[in-house]
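To start, the structure under review is shown below, and the notes come after it.
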Amino acid sequence: MAWWRDAKFGIFVHWGLYAIPAKGEWHMFNDKVPADEYAKLAAQFNPRHYDPDAWARLARDAGARYMVMTARHHDGFSLFDSPSSYGHYDSVHSAARRDLIAPFVTAVRRNGLRVGLYYSPLDWRFPGYFHPRELPENARLLKQQTYGQVEELMRHYGKIDILWWDGGWLAHRGTDADAAWFWEPDKLNRMVRRYQPKIVINPRSGWQGDFDTEEGDRPITGPIRMRPWEKTFSLNRSAWGYTRDDNTMRVDDVIVLLVNAAVRNGNVLANMSPDPDGVVPAKQVETLRGIGAWLRRYGKAIYGTRPGPLQPVDGVYGTTQSRGRVFVHVLSWPGAELRIPWNGAVADVRNLSGARLAWRRGDGMLSLAVPRESRGYPVTILEIRRASR
């Protein structure tokens with residue numbers, strides 16, 4: 001987990017047949033599209049501008065350290081060559097006529113990023129998913145497909161760093177853990193680690209996992225969390241998959257989430273939504289590049305850090321630390337100065353966001369004053385250097 005905790009920022013990619021109707025990744029289920037009708041989209045799926053190297057360069061320019069790709073979503077369509085796919089429902093048997101995961105994995109590695117694959121064990125094409133006890137034979141075929149496809153992904157694409165499960169629940173009811181009797185996550189993840197012993201796994205296959213997840217772009221609050229965790233959200237506020245409307249998150253909103261995750265022992269996984277041809281929407285590209293510019297300036301306060309030593313104060317500040325330095329991430333100023341509890345010795349305090357800063361120690365507090373023109377937006381970052389004893 002050490003590399004994952006150091007990385008802090010990753011890029012999610014939701015892409016599949018659902019990009020064609022452009023109504024989001026839940027289009028098939030939400031709009032009650034019959035499976036046979038939805039499957040006709042495969043004959044149209046031939047992304048002319050699919051360039052995973054361009055995606056990986058964009059992620060790298062955004063400051064991401066890893067990427068996670070939807071190898072197969074809930075609609076059952078696989079972006080890889082999958083003999084285990086029920087009905088050969090994969091990209092090789094679509095208009096694309098090729099495996100789309102293999103070049104993604106190669107491109108991500110080539111650009112110096114860690115490789116993650118998303119896999120959903122459920123498949124809306126199977127009535128047994130919705131009625132596993134009433135239709136046990138159909139449910140058995142679904143489970144057989146899941147085990148076969150996960151084995152293919154773990155065996156055939158070299159080293160995989162992250163397996164990102166999703167949709168472990170049954171019939172869209174209960175929790176992932178409630179469905180563990182069916183998926184048998186102990187057995188499933190043992191198989192995964194047989195091929196990928198160093199892989200990092202989220203807990204959505206049932207109950208096992210190396211890190212917790214929190215989905216959506218709601219504000220992050222509360223104390224430092226004991227377990228490593230990941231905040232995941234889509235830059236496209238309308239859906240995770242491609243839609244035609246312009247509803248893209250602003251750079252500053254993502255930065256605030258990134259900071260609030262880092263000071264609480266978390267990572268951020270921000271999703272981009274390529275169109276049917278494989279092109280990332282321009283507004284999402286703009287936001288990602290803005291995040292990258294911010295991280296190039298302030299990355300040392302994010303990458304490789306651990307939370308603390310102070311508990312965050314919601315909406316005001318939080319801290320990260322690394323190698324004798326403490327970084328104070330100031331989200332808002334309660335007055336002319338910010339007072340934080342501090343008993344240790346201080347060698348110096350620097351304002352990474354501007355030229356001016358005044359500080360003083362006393363009564364177990366450290367007082368920090370930064371004039372408005374020297375504050376950062378949306379966050380002011382101050383570096384405290386501890387004095388050696």
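Residues are named by chain letter and number: chains run A, B, ... in the order of the structure tokens, numbers start at 1 in each chain, and ligands are numbered from 1 in the order shown.
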
Problem set entry | Residues flagged helix (DSSP H, G or I) by DSSP in segment 233-339 of chain A, as JSON, numbers by chain | {"A": [251, 252, 253, 254, 255, 256, 257, 258, 259, 260, 261, 262, 282, 283, 284, 285, 286, 287, 288, 289, 290, 291, 292, 293, 294, 295, 296, 297, 298, 299, 300, 301]}

Could you please take those selected residues and save N, CA and C atoms as a short mmCIF file (atom, residue, chain, number, x, y, z; two decimals), in the first residue's frame?
```
data_model
loop_
_atom_site.label_atom_id
_atom_site.label_comp_id
_atom_site.auth_asym_id
_atom_site.auth_seq_id
_atom_site.Cartn_x
_atom_site.Cartn_y
_atom_site.Cartn_z
N VAL A 251 -11.86 23.44 -11.61
CA VAL A 251 -10.55 23.08 -11.05
C VAL A 251 -10.54 23.25 -9.54
N ASP A 252 -11.02 24.40 -9.07
CA ASP A 252 -10.95 24.70 -7.64
C ASP A 252 -11.74 23.71 -6.80
N ASP A 253 -12.87 23.24 -7.33
CA ASP A 253 -13.67 22.27 -6.58
C ASP A 253 -12.92 20.96 -6.40
N VAL A 254 -12.20 20.54 -7.44
CA VAL A 254 -11.43 19.30 -7.35
C VAL A 254 -10.26 19.47 -6.39
N ILE A 255 -9.59 20.61 -6.45
CA ILE A 255 -8.45 20.87 -5.55
C ILE A 255 -8.88 20.81 -4.09
N VAL A 256 -10.03 21.40 -3.77
CA VAL A 256 -10.52 21.37 -2.39
C VAL A 256 -10.77 19.93 -1.94
N LEU A 257 -11.36 19.11 -2.81
CA LEU A 257 -11.59 17.70 -2.46
C LEU A 257 -10.26 16.97 -2.28
N LEU A 258 -9.29 17.25 -3.14
CA LEU A 258 -7.98 16.61 -3.06
C LEU A 258 -7.30 16.95 -1.73
N VAL A 259 -7.34 18.22 -1.36
CA VAL A 259 -6.72 18.65 -0.11
C VAL A 259 -7.45 18.03 1.09
N ASN A 260 -8.78 18.10 1.08
CA ASN A 260 -9.54 17.56 2.20
C ASN A 260 -9.40 16.06 2.34
N ALA A 261 -9.13 15.36 1.24
CA ALA A 261 -8.85 13.92 1.33
C ALA A 261 -7.45 13.69 1.90
N ALA A 262 -6.46 14.41 1.39
CA ALA A 262 -5.08 14.19 1.80
C ALA A 262 -4.89 14.43 3.30
N ALA A 282 -13.49 18.54 -23.99
CA ALA A 282 -12.54 19.64 -23.82
C ALA A 282 -12.60 20.26 -22.43
N LYS A 283 -13.79 20.40 -21.86
CA LYS A 283 -13.91 21.00 -20.53
C LYS A 283 -13.24 20.12 -19.47
N GLN A 284 -13.35 18.80 -19.62
CA GLN A 284 -12.68 17.90 -18.69
C GLN A 284 -11.16 17.99 -18.83
N VAL A 285 -10.69 18.10 -20.06
CA VAL A 285 -9.25 18.28 -20.31
C VAL A 285 -8.77 19.57 -19.63
N GLU A 286 -9.55 20.63 -19.76
CA GLU A 286 -9.18 21.92 -19.16
C GLU A 286 -9.08 21.80 -17.64
N THR A 287 -10.06 21.14 -17.03
CA THR A 287 -10.03 20.96 -15.58
C THR A 287 -8.83 20.13 -15.15
N LEU A 288 -8.57 19.05 -15.85
CA LEU A 288 -7.44 18.19 -15.50
C LEU A 288 -6.11 18.93 -15.61
N ARG A 289 -5.96 19.72 -16.64
CA ARG A 289 -4.70 20.47 -16.80
C ARG A 289 -4.56 21.54 -15.71
N GLY A 290 -5.68 22.09 -15.28
CA GLY A 290 -5.63 23.06 -14.19
C GLY A 290 -5.19 22.41 -12.89
N ILE A 291 -5.67 21.20 -12.63
CA ILE A 291 -5.23 20.46 -11.44
C ILE A 291 -3.74 20.18 -11.53
N GLY A 292 -3.28 19.80 -12.72
CA GLY A 292 -1.86 19.53 -12.90
C GLY A 292 -0.99 20.74 -12.63
N ALA A 293 -1.44 21.90 -13.08
CA ALA A 293 -0.68 23.13 -12.83
C ALA A 293 -0.58 23.40 -11.34
N TRP A 294 -1.67 23.18 -10.62
CA TRP A 294 -1.66 23.40 -9.16
C TRP A 294 -0.72 22.40 -8.48
N LEU A 295 -0.78 21.14 -8.89
CA LEU A 295 0.07 20.12 -8.26
C LEU A 295 1.55 20.33 -8.59
N ARG A 296 1.85 20.87 -9.74
CA ARG A 296 3.26 21.16 -10.03
C ARG A 296 3.81 22.21 -9.07
N ARG A 297 2.96 23.09 -8.60
CA ARG A 297 3.40 24.12 -7.66
C ARG A 297 3.39 23.62 -6.21
N TYR A 298 2.37 22.84 -5.86
CA TYR A 298 2.17 22.47 -4.46
C TYR A 298 2.30 20.97 -4.19
N GLY A 299 2.76 20.22 -5.16
CA GLY A 299 2.80 18.77 -5.02
C GLY A 299 3.54 18.26 -3.80
N LYS A 300 4.57 18.98 -3.35
CA LYS A 300 5.33 18.47 -2.21
C LYS A 300 4.51 18.47 -0.93
N ALA A 301 3.41 19.23 -0.91
CA ALA A 301 2.52 19.23 0.25
C ALA A 301 1.45 18.14 0.16
#
```

Go through segment 281-384 of chain A and flag each residue having an atom no more than 9 Å from segment 199-223 of chain A; for those, report the closest pair of atoms plus their distance in Å to one decimal, using only C-alpha atoms, ordered by chain and rising number, as CSV.
```
residue,atom,partner,partner_atom,distance
A:Gln311,CA,A:Pro223,CA,5.9
A:Pro312,CA,A:Pro223,CA,6.1
A:Val313,CA,A:Gly222,CA,7.7
A:Asp314,CA,A:Thr221,CA,5.6
A:Gly315,CA,A:Thr221,CA,8.0
```

For those residues, write all heavy atoms to a file as a compact mmCIF listing (two decimals), in the first residue's frame.
```txt
# COMPACT_ATOMS: atom_id res chain seq x y z
N GLN A 311 -5.43 17.50 13.85
CA GLN A 311 -6.73 17.12 13.29
C GLN A 311 -7.26 18.28 12.45
O GLN A 311 -7.11 19.45 12.81
CB GLN A 311 -7.72 16.78 14.41
CG GLN A 311 -7.46 15.47 15.10
CD GLN A 311 -7.78 14.26 14.21
OE1 GLN A 311 -8.41 14.39 13.14
NE2 GLN A 311 -7.33 13.09 14.64
N PRO A 312 -7.88 17.98 11.31
CA PRO A 312 -8.43 19.05 10.48
C PRO A 312 -9.62 19.74 11.14
O PRO A 312 -10.34 19.13 11.94
CB PRO A 312 -8.86 18.33 9.21
CG PRO A 312 -9.05 16.90 9.61
CD PRO A 312 -8.10 16.64 10.73
N VAL A 313 -9.80 20.99 10.82
CA VAL A 313 -10.98 21.75 11.22
C VAL A 313 -11.79 22.00 9.96
O VAL A 313 -11.31 22.66 9.03
CB VAL A 313 -10.58 23.08 11.89
CG1 VAL A 313 -11.83 23.90 12.23
CG2 VAL A 313 -9.75 22.82 13.14
N ASP A 314 -13.00 21.46 9.92
CA ASP A 314 -13.80 21.49 8.70
C ASP A 314 -13.92 22.90 8.12
O ASP A 314 -14.29 23.86 8.82
CB ASP A 314 -15.22 20.96 8.97
CG ASP A 314 -15.24 19.47 9.27
OD1 ASP A 314 -14.21 18.81 9.03
OD2 ASP A 314 -16.29 18.98 9.74
N GLY A 315 -13.58 23.02 6.84
CA GLY A 315 -13.72 24.28 6.14
C GLY A 315 -12.69 25.33 6.47
O GLY A 315 -12.71 26.41 5.89
```

Which residues, written as a compact mmCIF listing (two decimals) with N, CA, C and O atoms, in the first residue's frame, have at least one atom at most 9 Å from Asp53 of chain A, with only C-alpha atoms counted and residues fewer than 5 positions away on the same chain left out?
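Once written, around-v5.txt looks like this:
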```txt
# COMPACT_ATOMS: atom_id res chain seq x y z
N LEU A 58 -2.41 12.84 -20.63
CA LEU A 58 -3.30 13.79 -19.97
C LEU A 58 -3.34 13.53 -18.46
O LEU A 58 -3.26 14.47 -17.66
N PRO A 103 -3.91 -2.17 -25.06
CA PRO A 103 -3.17 -0.93 -25.34
C PRO A 103 -3.27 0.09 -24.21
O PRO A 103 -2.34 0.88 -24.01
N PHE A 104 -4.37 0.07 -23.47
CA PHE A 104 -4.48 0.96 -22.31
C PHE A 104 -3.42 0.62 -21.27
O PHE A 104 -2.71 1.50 -20.78
N THR A 106 -0.61 -0.96 -21.62
CA THR A 106 0.72 -0.64 -22.15
C THR A 106 1.00 0.85 -22.10
O THR A 106 2.08 1.30 -21.70
N ALA A 107 0.01 1.66 -22.49
CA ALA A 107 0.19 3.11 -22.51
C ALA A 107 0.37 3.68 -21.11
O ALA A 107 1.22 4.56 -20.90
N VAL A 108 -0.39 3.19 -20.15
CA VAL A 108 -0.28 3.69 -18.78
C VAL A 108 1.10 3.38 -18.22
O VAL A 108 1.76 4.24 -17.62
N ARG A 110 3.82 2.85 -19.98
CA ARG A 110 4.81 3.60 -20.76
C ARG A 110 4.93 5.03 -20.27
O ARG A 110 6.00 5.65 -20.36
N ASN A 111 3.85 5.56 -19.72
CA ASN A 111 3.86 6.94 -19.23
C ASN A 111 4.16 7.04 -17.74
O ASN A 111 3.97 8.11 -17.13
```

For this session: Would you list the contacts of Met365 of chain A as a PyMOL selection string, taking every protein, DNA or RNA residue within 7 Å and counting only C-alpha atoms, but skipping same-chain residues closer than 5 positions in sequence?
Result: chain A and resi 339-343

For this session: Considering only C-alpha atoms, state which residue in the set A:Phe45, A:Tyr195, A:Phe77, A:Trp164 is at the smallest distance from Glu151 of chain A.
Result: A:Tyr195

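Distance annotation: of A:Gly304, A:Pro121, A:Gly318, A:Pro47, the residue with the minimal separation from Val150 of chain A is A:Pro121; atom set is only C-alpha atoms.
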
Exercise. Contacts of Gly354 of chain A at 10 Å or less, counting only C-alpha atoms, minus same-chain residues fewer than 2 places along, as a PyMOL selection string?
Worked result: chain A and resi 350-352+356-357+370-376+380-382

For this session: Could you check how far atom CA of Gly116 of chain A sits from atom CA of His74 of chain A, in Å to one decimal?
Result: 17.6 Å

Problem set entry | From A:Leu153, A:Met272, A:Ile11, A:Leu331, residue lying nearest Tyr317 of chain A [only C-alpha atoms] | A:Leu331

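Atom pair atom CA of Glu184 of chain A / atom CA of His172 of chain A: separated by 17.5 Å.
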
DSSP strand (DSSP E or B) residues within segment 29-232 of chain A, as a PDB file with N, CA, C and O atoms, in the first residue's frame:
```
ATOM      1  N   TYR A  66      -1.771   7.265 -10.963  1.00  0.00           N
ATOM      2  CA  TYR A  66      -2.322   5.978 -11.400  1.00  0.00           C
ATOM      3  C   TYR A  66      -3.602   6.215 -12.187  1.00  0.00           C
ATOM      4  O   TYR A  66      -4.207   7.286 -12.116  1.00  0.00           O
ATOM      5  N   MET A  67      -3.989   5.213 -12.988  1.00  0.00           N
ATOM      6  CA  MET A  67      -5.220   5.266 -13.771  1.00  0.00           C
ATOM      7  C   MET A  67      -5.995   3.969 -13.573  1.00  0.00           C
ATOM      8  O   MET A  67      -5.401   2.895 -13.450  1.00  0.00           O
ATOM      9  N   VAL A  68      -7.314   4.080 -13.566  1.00  0.00           N
ATOM     10  CA  VAL A  68      -8.197   2.911 -13.434  1.00  0.00           C
ATOM     11  C   VAL A  68      -9.207   2.953 -14.573  1.00  0.00           C
ATOM     12  O   VAL A  68      -9.903   3.951 -14.760  1.00  0.00           O
ATOM     13  N   MET A  69      -9.289   1.856 -15.327  1.00  0.00           N
ATOM     14  CA  MET A  69     -10.133   1.789 -16.517  1.00  0.00           C
ATOM     15  C   MET A  69     -11.262   0.772 -16.320  1.00  0.00           C
ATOM     16  O   MET A  69     -11.039  -0.310 -15.772  1.00  0.00           O
ATOM     17  N   THR A  70     -12.466   1.116 -16.773  1.00  0.00           N
ATOM     18  CA  THR A  70     -13.601   0.197 -16.694  1.00  0.00           C
ATOM     19  C   THR A  70     -13.446  -0.925 -17.725  1.00  0.00           C
ATOM     20  O   THR A  70     -13.846  -0.787 -18.877  1.00  0.00           O
ATOM     21  N   ALA A  71     -12.886  -2.035 -17.278  1.00  0.00           N
ATOM     22  CA  ALA A  71     -12.746  -3.179 -18.182  1.00  0.00           C
ATOM     23  C   ALA A  71     -14.110  -3.761 -18.545  1.00  0.00           C
ATOM     24  O   ALA A  71     -14.313  -4.251 -19.657  1.00  0.00           O
ATOM     25  N   ARG A  72     -15.043  -3.689 -17.567  1.00  0.00           N
ATOM     26  CA  ARG A  72     -16.416  -4.112 -17.847  1.00  0.00           C
ATOM     27  C   ARG A  72     -17.349  -3.503 -16.813  1.00  0.00           C
ATOM     28  O   ARG A  72     -17.119  -3.629 -15.613  1.00  0.00           O
ATOM     29  N   SER A  78     -17.604  -6.104 -22.381  1.00  0.00           N
ATOM     30  CA  SER A  78     -16.197  -6.099 -21.970  1.00  0.00           C
ATOM     31  C   SER A  78     -15.333  -5.399 -23.004  1.00  0.00           C
ATOM     32  O   SER A  78     -15.498  -5.613 -24.218  1.00  0.00           O
ATOM     33  N   ASP A  90     -17.965  -8.746 -26.205  1.00  0.00           N
ATOM     34  CA  ASP A  90     -16.735  -8.024 -25.904  1.00  0.00           C
ATOM     35  C   ASP A  90     -16.294  -7.194 -27.110  1.00  0.00           C
ATOM     36  O   ASP A  90     -16.878  -7.281 -28.188  1.00  0.00           O
ATOM     37  N   ARG A 114       0.832   3.921 -12.549  1.00  0.00           N
ATOM     38  CA  ARG A 114       0.388   2.606 -12.097  1.00  0.00           C
ATOM     39  C   ARG A 114      -0.928   2.248 -12.792  1.00  0.00           C
ATOM     40  O   ARG A 114      -1.744   3.117 -13.102  1.00  0.00           O
ATOM     41  N   VAL A 115      -1.136   0.937 -12.993  1.00  0.00           N
ATOM     42  CA  VAL A 115      -2.254   0.442 -13.793  1.00  0.00           C
ATOM     43  C   VAL A 115      -3.355  -0.122 -12.897  1.00  0.00           C
ATOM     44  O   VAL A 115      -3.101  -0.991 -12.055  1.00  0.00           O
ATOM     45  N   GLY A 116      -4.568   0.366 -13.104  1.00  0.00           N
ATOM     46  CA  GLY A 116      -5.719  -0.163 -12.392  1.00  0.00           C
ATOM     47  C   GLY A 116      -6.813  -0.586 -13.356  1.00  0.00           C
ATOM     48  O   GLY A 116      -7.006   0.037 -14.405  1.00  0.00           O
ATOM     49  N   LEU A 117      -7.521  -1.667 -13.011  1.00  0.00           N
ATOM     50  CA  LEU A 117      -8.656  -2.123 -13.803  1.00  0.00           C
ATOM     51  C   LEU A 117      -9.897  -2.197 -12.922  1.00  0.00           C
ATOM     52  O   LEU A 117      -9.847  -2.698 -11.807  1.00  0.00           O
ATOM     53  N   TYR A 118     -10.986  -1.677 -13.436  1.00  0.00           N
ATOM     54  CA  TYR A 118     -12.300  -1.739 -12.794  1.00  0.00           C
ATOM     55  C   TYR A 118     -13.040  -2.945 -13.350  1.00  0.00           C
ATOM     56  O   TYR A 118     -13.029  -3.198 -14.558  1.00  0.00           O
ATOM     57  N   TYR A 119     -13.731  -3.655 -12.471  1.00  0.00           N
ATOM     58  CA  TYR A 119     -14.562  -4.768 -12.936  1.00  0.00           C
ATOM     59  C   TYR A 119     -15.821  -4.845 -12.082  1.00  0.00           C
ATOM     60  O   TYR A 119     -15.758  -4.846 -10.857  1.00  0.00           O
ATOM     61  N   ILE A 162      -3.895  -2.227  -9.357  1.00  0.00           N
ATOM     62  CA  ILE A 162      -5.143  -1.998  -8.628  1.00  0.00           C
ATOM     63  C   ILE A 162      -6.264  -2.801  -9.276  1.00  0.00           C
ATOM     64  O   ILE A 162      -6.406  -2.796 -10.507  1.00  0.00           O
ATOM     65  N   LEU A 163      -7.069  -3.472  -8.458  1.00  0.00           N
ATOM     66  CA  LEU A 163      -8.325  -4.056  -8.920  1.00  0.00           C
ATOM     67  C   LEU A 163      -9.446  -3.307  -8.213  1.00  0.00           C
ATOM     68  O   LEU A 163      -9.548  -3.335  -6.984  1.00  0.00           O
ATOM     69  N   TRP A 164     -10.265  -2.624  -9.006  1.00  0.00           N
ATOM     70  CA  TRP A 164     -11.321  -1.758  -8.475  1.00  0.00           C
ATOM     71  C   TRP A 164     -12.663  -2.431  -8.726  1.00  0.00           C
ATOM     72  O   TRP A 164     -13.230  -2.353  -9.813  1.00  0.00           O
ATOM     73  N   TRP A 165     -13.153  -3.140  -7.701  1.00  0.00           N
ATOM     74  CA  TRP A 165     -14.460  -3.787  -7.786  1.00  0.00           C
ATOM     75  C   TRP A 165     -15.578  -2.742  -7.694  1.00  0.00           C
ATOM     76  O   TRP A 165     -15.438  -1.718  -7.045  1.00  0.00           O
ATOM     77  N   LEU A 170     -26.463  -7.644  -4.855  1.00  0.00           N
ATOM     78  CA  LEU A 170     -27.356  -8.413  -5.720  1.00  0.00           C
ATOM     79  C   LEU A 170     -28.690  -7.696  -5.847  1.00  0.00           C
ATOM     80  O   LEU A 170     -29.226  -7.164  -4.875  1.00  0.00           O
ATOM     81  N   ARG A 173     -29.868  -4.361  -4.192  1.00  0.00           N
ATOM     82  CA  ARG A 173     -30.375  -4.233  -2.828  1.00  0.00           C
ATOM     83  C   ARG A 173     -29.278  -4.592  -1.835  1.00  0.00           C
ATOM     84  O   ARG A 173     -28.411  -5.421  -2.126  1.00  0.00           O
ATOM     85  N   VAL A 200      -3.359  -4.038  -5.198  1.00  0.00           N
ATOM     86  CA  VAL A 200      -4.162  -3.330  -4.204  1.00  0.00           C
ATOM     87  C   VAL A 200      -5.630  -3.480  -4.617  1.00  0.00           C
ATOM     88  O   VAL A 200      -5.979  -3.248  -5.773  1.00  0.00           O
ATOM     89  N   ILE A 201      -6.486  -3.880  -3.674  1.00  0.00           N
ATOM     90  CA  ILE A 201      -7.876  -4.208  -3.985  1.00  0.00           C
ATOM     91  C   ILE A 201      -8.811  -3.381  -3.105  1.00  0.00           C
ATOM     92  O   ILE A 201      -8.593  -3.259  -1.902  1.00  0.00           O
ATOM     93  N   ASP A 212     -10.692   1.837   1.919  1.00  0.00           N
ATOM     94  CA  ASP A 212     -12.118   2.126   1.855  1.00  0.00           C
ATOM     95  C   ASP A 212     -12.401   3.077   0.692  1.00  0.00           C
ATOM     96  O   ASP A 212     -11.492   3.730   0.177  1.00  0.00           O
ATOM     97  N   THR A 213     -13.675   3.152   0.305  1.00  0.00           N
ATOM     98  CA  THR A 213     -14.056   4.052  -0.784  1.00  0.00           C
ATOM     99  C   THR A 213     -15.222   4.933  -0.350  1.00  0.00           C
ATOM    100  O   THR A 213     -16.056   4.538   0.461  1.00  0.00           O
ATOM    101  N   GLU A 214     -15.250   6.130  -0.909  1.00  0.00           N
ATOM    102  CA  GLU A 214     -16.369   7.055  -0.711  1.00  0.00           C
ATOM    103  C   GLU A 214     -16.690   7.670  -2.057  1.00  0.00           C
ATOM    104  O   GLU A 214     -15.829   8.285  -2.684  1.00  0.00           O
ATOM    105  N   GLU A 215     -17.927   7.504  -2.500  1.00  0.00           N
ATOM    106  CA  GLU A 215     -18.299   7.887  -3.856  1.00  0.00           C
ATOM    107  C   GLU A 215     -19.090   9.193  -3.865  1.00  0.00           C
ATOM    108  O   GLU A 215     -19.940   9.418  -3.008  1.00  0.00           O
ATOM    109  N   TRP A 229      -8.168   5.499   2.496  1.00  0.00           N
ATOM    110  CA  TRP A 229      -9.443   5.528   1.782  1.00  0.00           C
ATOM    111  C   TRP A 229      -9.297   6.371   0.521  1.00  0.00           C
ATOM    112  O   TRP A 229      -8.312   7.083   0.341  1.00  0.00           O
ATOM    113  N   GLU A 230     -10.309   6.268  -0.333  1.00  0.00           N
ATOM    114  CA  GLU A 230     -10.260   6.948  -1.618  1.00  0.00           C
ATOM    115  C   GLU A 230     -11.599   7.627  -1.895  1.00  0.00           C
ATOM    116  O   GLU A 230     -12.653   6.995  -1.817  1.00  0.00           O
ATOM    117  N   LYS A 231     -11.541   8.905  -2.206  1.00  0.00           N
ATOM    118  CA  LYS A 231     -12.707   9.671  -2.634  1.00  0.00           C
ATOM    119  C   LYS A 231     -12.771   9.593  -4.148  1.00  0.00           C
ATOM    120  O   LYS A 231     -11.816   9.976  -4.845  1.00  0.00           O
ATOM    121  N   THR A 232     -13.876   9.068  -4.687  1.00  0.00           N
ATOM    122  CA  THR A 232     -13.988   8.963  -6.133  1.00  0.00           C
ATOM    123  C   THR A 232     -15.238   9.691  -6.604  1.00  0.00           C
ATOM    124  O   THR A 232     -16.290   9.629  -5.965  1.00  0.00           O
TER     125      THR A 232
END
```

Exercise. If we count only C-alpha atoms, what is near Ala270 of chain A at a cut-off of 8 Å, once residues fewer than 3 positions away on the same chain are taken out, given as a PyMOL selection string?
Worked result: chain A and resi 9-12+232-235

Requested write-out: N, CA, C and O atoms of the selected residues, as a compact mmCIF listing (two decimals), in the first residue's frame:
```
# COMPACT_ATOMS: atom_id res chain seq x y z
N PHE A 9 -3.32 10.81 -6.00
CA PHE A 9 -4.25 11.25 -7.05
C PHE A 9 -4.23 10.28 -8.22
O PHE A 9 -3.15 9.95 -8.74
N GLY A 10 -5.42 9.84 -8.62
CA GLY A 10 -5.55 8.95 -9.76
C GLY A 10 -6.66 9.40 -10.68
O GLY A 10 -7.52 10.22 -10.32
N ILE A 11 -6.66 8.86 -11.89
CA ILE A 11 -7.69 9.15 -12.89
C ILE A 11 -8.48 7.89 -13.19
O ILE A 11 -7.92 6.84 -13.51
N PHE A 12 -9.79 7.99 -13.06
CA PHE A 12 -10.74 6.95 -13.41
C PHE A 12 -11.17 7.19 -14.86
O PHE A 12 -11.25 8.33 -15.32
N THR A 232 -13.88 9.07 -4.69
CA THR A 232 -13.99 8.96 -6.13
C THR A 232 -15.24 9.69 -6.60
O THR A 232 -16.29 9.63 -5.97
N PHE A 233 -15.12 10.42 -7.70
CA PHE A 233 -16.22 11.22 -8.24
C PHE A 233 -15.95 11.45 -9.72
O PHE A 233 -14.83 11.26 -10.21
N SER A 234 -16.99 11.87 -10.43
CA SER A 234 -16.86 12.13 -11.85
C SER A 234 -16.73 13.62 -12.12
O SER A 234 -17.48 14.43 -11.57
N LEU A 235 -15.78 13.99 -12.97
CA LEU A 235 -15.65 15.39 -13.40
C LEU A 235 -16.91 15.84 -14.12
O LEU A 235 -17.26 17.02 -14.10
```
